[in-house]
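Below you'll find the structure, written out as structure tokens, and then a few comments.
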There are 2 protein chains.
Amino acid sequence: MCYNVRMKKKLAIDAMGGDFAPKSVVEGCLLARAEFPDTEFILFGDETKIRPLLSDETNITIVHTTEKIDSGEADPVKAIRRKKTASMVLAATAVKNGEADALVSAGNTGALLASGIFTVGRIKQVDRPGLLSTLPTLDGKGFDMLDLGANAENTAHHLYNFAILGSFYASNVRGVTSPRIGLLNNGSEASKGAPLQKETYDLLAADESLNFIGNVEARDLMSGVADVVVVDGFTGNAVLKSIEGTASSLMKLLKTSIKDGGIASKLGALLMKKSLYSLKDALDYEKAGGAVLFGLKAPVIKSHGSSNADAIFATLKQTHKMLETDVVGKLVQHYQEDK
Amino acid sequence: MCYNVRMKKKLAIDAMGGDFAPKSVVEGCLLARAEFPDTEFILFGDETKIRPLLSDETNITIVHTTEKIDSGEADPVKAIRRKKTASMVLAATAVKNGEADALVSAGNTGALLASGIFTVGRIKQVDRPGLLSTLPTLDGKGFDMLDLGANAENTAHHLYNFAILGSFYASNVRGVTSPRIGLLNNGSEASKGAPLQKETYDLLAADESLNFIGNVEARDLMSGVADVVVVDGFTGNAVLKSIEGTASSLMKLLKTSIKDGGIASKLGALLMKKSLYSLKDALDYEKAGGAVLFGLKAPVIKSHGSSNADAIFATLKQTHKMLETDVVGKLVQHYQEDK
């Protein structure tokens with residue numbers, strides 16, 4: 001009799017991906033292990049580099065391999081085909097074979113997207129998975145945006161599916177009740193945009209199961225105008241990078257102007273330390289975890305390349321939440337019922 | 001004998017456009033009149049409201065009309081057709097008829113774009129004029145980006161023309177030698193993007209008269225990665241609004257955190273005043289003037305709706321520079337020679 005026996009969650013982790021791998025990846029796992037005793041962390045990578053970082057291997061398994069995907073691979077798709085024993089490839093294969101429930105990497109984004117789509121595989125009804133991140137808003141609640149660049153081109157039907165994906169993510173993983181879905185457009189009126197946006201607008205408006213609030217503009221994203229923002233991959237990628245670039249440029253500018261502002265400015269900055277930190281904190285995307293390639297048969301999550309142990313920990317928490325809420329299973333069920 | 005007799009420059013100005021019209025428009029004109037004695041300012045609007053703002057009408061002409069285009073017109077194109085004596089419409093017609101050399105308005109953007117295209121008219125070889133602004137960079141030099149949303153959809157040939165337009169603007173109006181032209185894309189490699197970007201890349205690379213430096217990413221715009229950034233109108237609009245939205249959100253956040261940070265933070269902010277102002281200053285787009293609908297037979301410039309007298313003055317300086325350098329004439333000549 002097996003009442004209340006819970007399967008252990010198993011995370012396939014590319015221990016060799018990211019600028020500070022394997023150190024920050026392993027340290028992030030140790031933080032996550034302390035919080036989630038129900039989880040096994042399967043680390044794919046060079047055991048001679050990983051093992052010295054572990055004093056205790058409880059709930060940790062190492063799958064040894066010395067091959068890895070480099071962050072600068074010219075053709076990431078070819079790289080995952082060629083390097084059959086790369087840590088990322090083996091981790092993806094473990095998810096495909098049911099030996100792990102989710103895939104996490106801070107490595108090459110293109111290679112991870114390809115591993116997700118070709119190895120882990122799409123949910124049958126989702127033609128185009130979307131790359132989703134939770135981005136910061138002024139009120140601290142954040143919003144989810146997709147696609148952030150998994151696709152170079154999208155149809156209205158892809159965008160309609162992004163709305164469903166985003167809605168499932170926001171309600172399950174972030175606990176948002178009836179997430180407000182906005183379509184990114186060049187004006188708020190219903191008639192705005194190119195044919196792609198107009199057609200998407202009609203599809204979203206026609207589906208009563210979605211809380212579609214209409215068009216939203218990029219200017220209002222950080223004000224929390226919507227809980228989920230739907231956009232084609234090309235524009236979404238440009239918007240994400242514009243937000244990141246502007247925020248980091250302003251922080252740089254502020255630093256320089258404090259430095260050049262003399263003793264008064266430096267003393268002022270010292271007194272304002274708390275305020276400046278809370279500004280930096282508010283911009284820290286990585287607190288919310290990594291970018292999810294959503295619409296696959298299992299969670300596949302990209303942590304930032306420059307992730308430190310805390311950022312890896314945040315990504316693992318997010319992965320754990322996706323498994324705990326079974327958001328992918330619910331999505332699969334939704335599409336089956338929808339047939 | 002008429003040596004050295006210069007024609008006076010004539011600016012057709014929609015005195016009733018913008019949130020603070022006609023006051024800020026008239027005050028901006030007075031600032032410009034003091035700097036440019038070679039220029040006549042033709043103010044279109046309600047003389048009973050304009051005249052009290054003028055103590056001296058040297059170089060100022062008022063063309064009286066009480067009709068105007070509202071900022072909230074649901075259908076701006078219909079509005080300019082219906083309101084035949086609106087200040088913006090009369091100003092555009094004056095440019096069309098050769099009674100003025102350039103059109104300036106802080107009013108309804110859609111109506112101004114339509115007035116530019118339908119009344120002032122396109123340069124024959126420019127299928128799609130682009131909306132161009134000079135945006136700030138960290139080094140203070142700025143960059144020009146187009147199209148910022150005059151078009152909802154663009155072809156590669158449109159984008160190729162935007163590169164020519166932007167290059168002429170940057171070299172003539174901003175004095176940039178051999179402007180570096182970048183194509184906004186989702187990665188820097190030549191193979192990146194959707195078919196639109198790939199096709200544009202090839203057109204730009206094939207034209208040796210352009211200083212094309214390849215693809216640029218939105219993340220690097222404020223770092224001054226290029227002097228001219230070419231992008232389709234939909235993405236350009238989203239990028240512009242993302243930059244604006246992020247910058248204004250961060251300034252808001254900084255203000256709140258200073259307010260909530262207690263006495264130390266407030267004292268700190270006071271000491272940092274100079275640094276904070278230089279931050280605000282660096283973000284002030286309007287110092288560089290308004291947005292030009294470029295590719296028309298005459299300069300048509302949109303000043304921000306919330307323009308104060310200084311912002312109007314900046315736009316008039318920019319307009320004056322466009323006339324002084326004859327950038328439109330040079331562009332027309334380029335296309336004629338190119339045939």
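Chain labels A, B, ... are given in the sequence in which chains occur in the structure tokens; within each chain residues are numbered consecutively from 1, and ligands are likewise numbered from 1 in the order shown.
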
Exercise answer, chain A residues close to chain B, 8 Å and only C-alpha atoms, as a PyMOL selection string: chain A and resi 138+149+152-153+185-186+193-194+217-223+234-235+237-239+241-247+249-250+253-254+257-258+261+264-276+278-279

Determine which residues of segment 55-290 of chain A DSSP labels as strand (DSSP E or B) from the backbone of this structure, then write them out as an NGL selection string. :A and (60-64 or 102-105 or 122 or 130-135 or 143-146 or 180-184 or 211-216 or 228-230)

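Atom CA of Asn172 of chain A sits 28.4 Å away from atom CA of Val89 of chain A.
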
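With atom CA of Ala92 of chain B on one side and atom CA of Val126 of chain B on the other, the separation reads 19.1 Å.
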
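Compared by their closest atoms to Ser188 of chain A, and using only C-alpha atoms, the residues A:Asn215, A:Ile301, A:Tyr160, A:Glu35 rank with A:Asn215 nearest.
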
Could you give me the residues within segment 169-211 of chain A that DSSP places in alpha helix (DSSP H), as a ChimeraX atom specification? /A:169-172,195-206

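Interatomic distance, atom CA of Leu316 of chain A to atom CA of Ala32 of chain A: 6.6 Å.
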
Quick one: everything within 10 Å of Asp202 of chain B, counting only C-alpha atoms, minus sequence neighbours fewer than 2 positions away in the same chain. Send it as number ranges by chain. B: 156, 160, 190, 197-200, 204-207, 214

Find the spatial neighbours of segment 45-53 of chain A, counting only C-alpha atoms, within a cut-off of 12 Å - ignore same-chain residues fewer than 5 positions away - and output them as a ChimeraX atom specification. /A:12-17,21-30,60-69,85-91,105

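If only C-alpha atoms are the atoms counted, then among A:Val229, A:Leu103, A:Leu43, A:Ala309 the closest residue to Phe162 of chain A is A:Val229.
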
So which residues touch segment 38-40 of chain A within 9 Å, counting only C-alpha atoms, skipping near sequence neighbours fewer than 5 positions away, as a PyMOL selection string? chain A and resi 6-12+32-33+58-61+320

Next, dump the selected residues to file, keeping only N, CA, C and O atoms, as a short mmCIF file (atom, residue, chain, number, x, y, z; two decimals), in the first residue's frame.
```cif
data_model
loop_
_atom_site.label_atom_id
_atom_site.label_comp_id
_atom_site.auth_asym_id
_atom_site.auth_seq_id
_atom_site.Cartn_x
_atom_site.Cartn_y
_atom_site.Cartn_z
N ARG A 6 5.09 10.24 -2.20
CA ARG A 6 5.29 11.21 -3.27
C ARG A 6 6.54 10.85 -4.03
O ARG A 6 7.56 10.55 -3.46
N MET A 7 6.43 10.92 -5.34
CA MET A 7 7.62 10.75 -6.16
C MET A 7 8.56 11.90 -5.87
O MET A 7 8.13 13.03 -5.71
N LYS A 8 9.81 11.60 -5.80
CA LYS A 8 10.79 12.66 -5.67
C LYS A 8 10.87 13.45 -6.96
O LYS A 8 10.82 12.88 -8.06
N LYS A 9 10.97 14.77 -6.85
CA LYS A 9 11.21 15.58 -8.05
C LYS A 9 12.66 15.44 -8.45
O LYS A 9 13.54 15.47 -7.62
N LYS A 10 12.86 15.31 -9.74
CA LYS A 10 14.23 15.14 -10.22
C LYS A 10 14.58 16.22 -11.24
O LYS A 10 13.94 16.34 -12.29
N LEU A 11 15.61 17.02 -10.90
CA LEU A 11 16.01 18.10 -11.80
C LEU A 11 17.30 17.73 -12.53
O LEU A 11 18.30 17.41 -11.88
N ALA A 12 17.27 17.80 -13.86
CA ALA A 12 18.48 17.57 -14.66
C ALA A 12 19.16 18.92 -14.86
O ALA A 12 18.59 19.82 -15.48
N ALA A 32 19.36 25.17 -2.86
CA ALA A 32 18.04 24.60 -3.18
C ALA A 32 17.81 23.29 -2.42
O ALA A 32 16.70 23.01 -1.97
N ARG A 33 18.88 22.51 -2.28
CA ARG A 33 18.75 21.23 -1.56
C ARG A 33 18.31 21.46 -0.11
O ARG A 33 17.47 20.74 0.43
N THR A 58 24.09 14.05 -0.38
CA THR A 58 22.68 13.72 -0.17
C THR A 58 21.82 14.41 -1.23
O THR A 58 21.97 15.61 -1.48
N ASN A 59 20.95 13.63 -1.85
CA ASN A 59 20.03 14.14 -2.88
C ASN A 59 20.73 14.73 -4.11
O ASN A 59 20.11 15.46 -4.90
N ILE A 60 22.00 14.44 -4.23
CA ILE A 60 22.72 14.91 -5.41
C ILE A 60 23.31 13.71 -6.14
O ILE A 60 23.89 12.82 -5.51
N THR A 61 23.13 13.68 -7.44
CA THR A 61 23.72 12.63 -8.26
C THR A 61 24.58 13.32 -9.31
O THR A 61 24.18 14.33 -9.88
N HIS A 320 11.18 24.19 -9.30
CA HIS A 320 10.47 23.40 -8.28
C HIS A 320 8.98 23.77 -8.26
O HIS A 320 8.10 22.91 -8.21
#
```
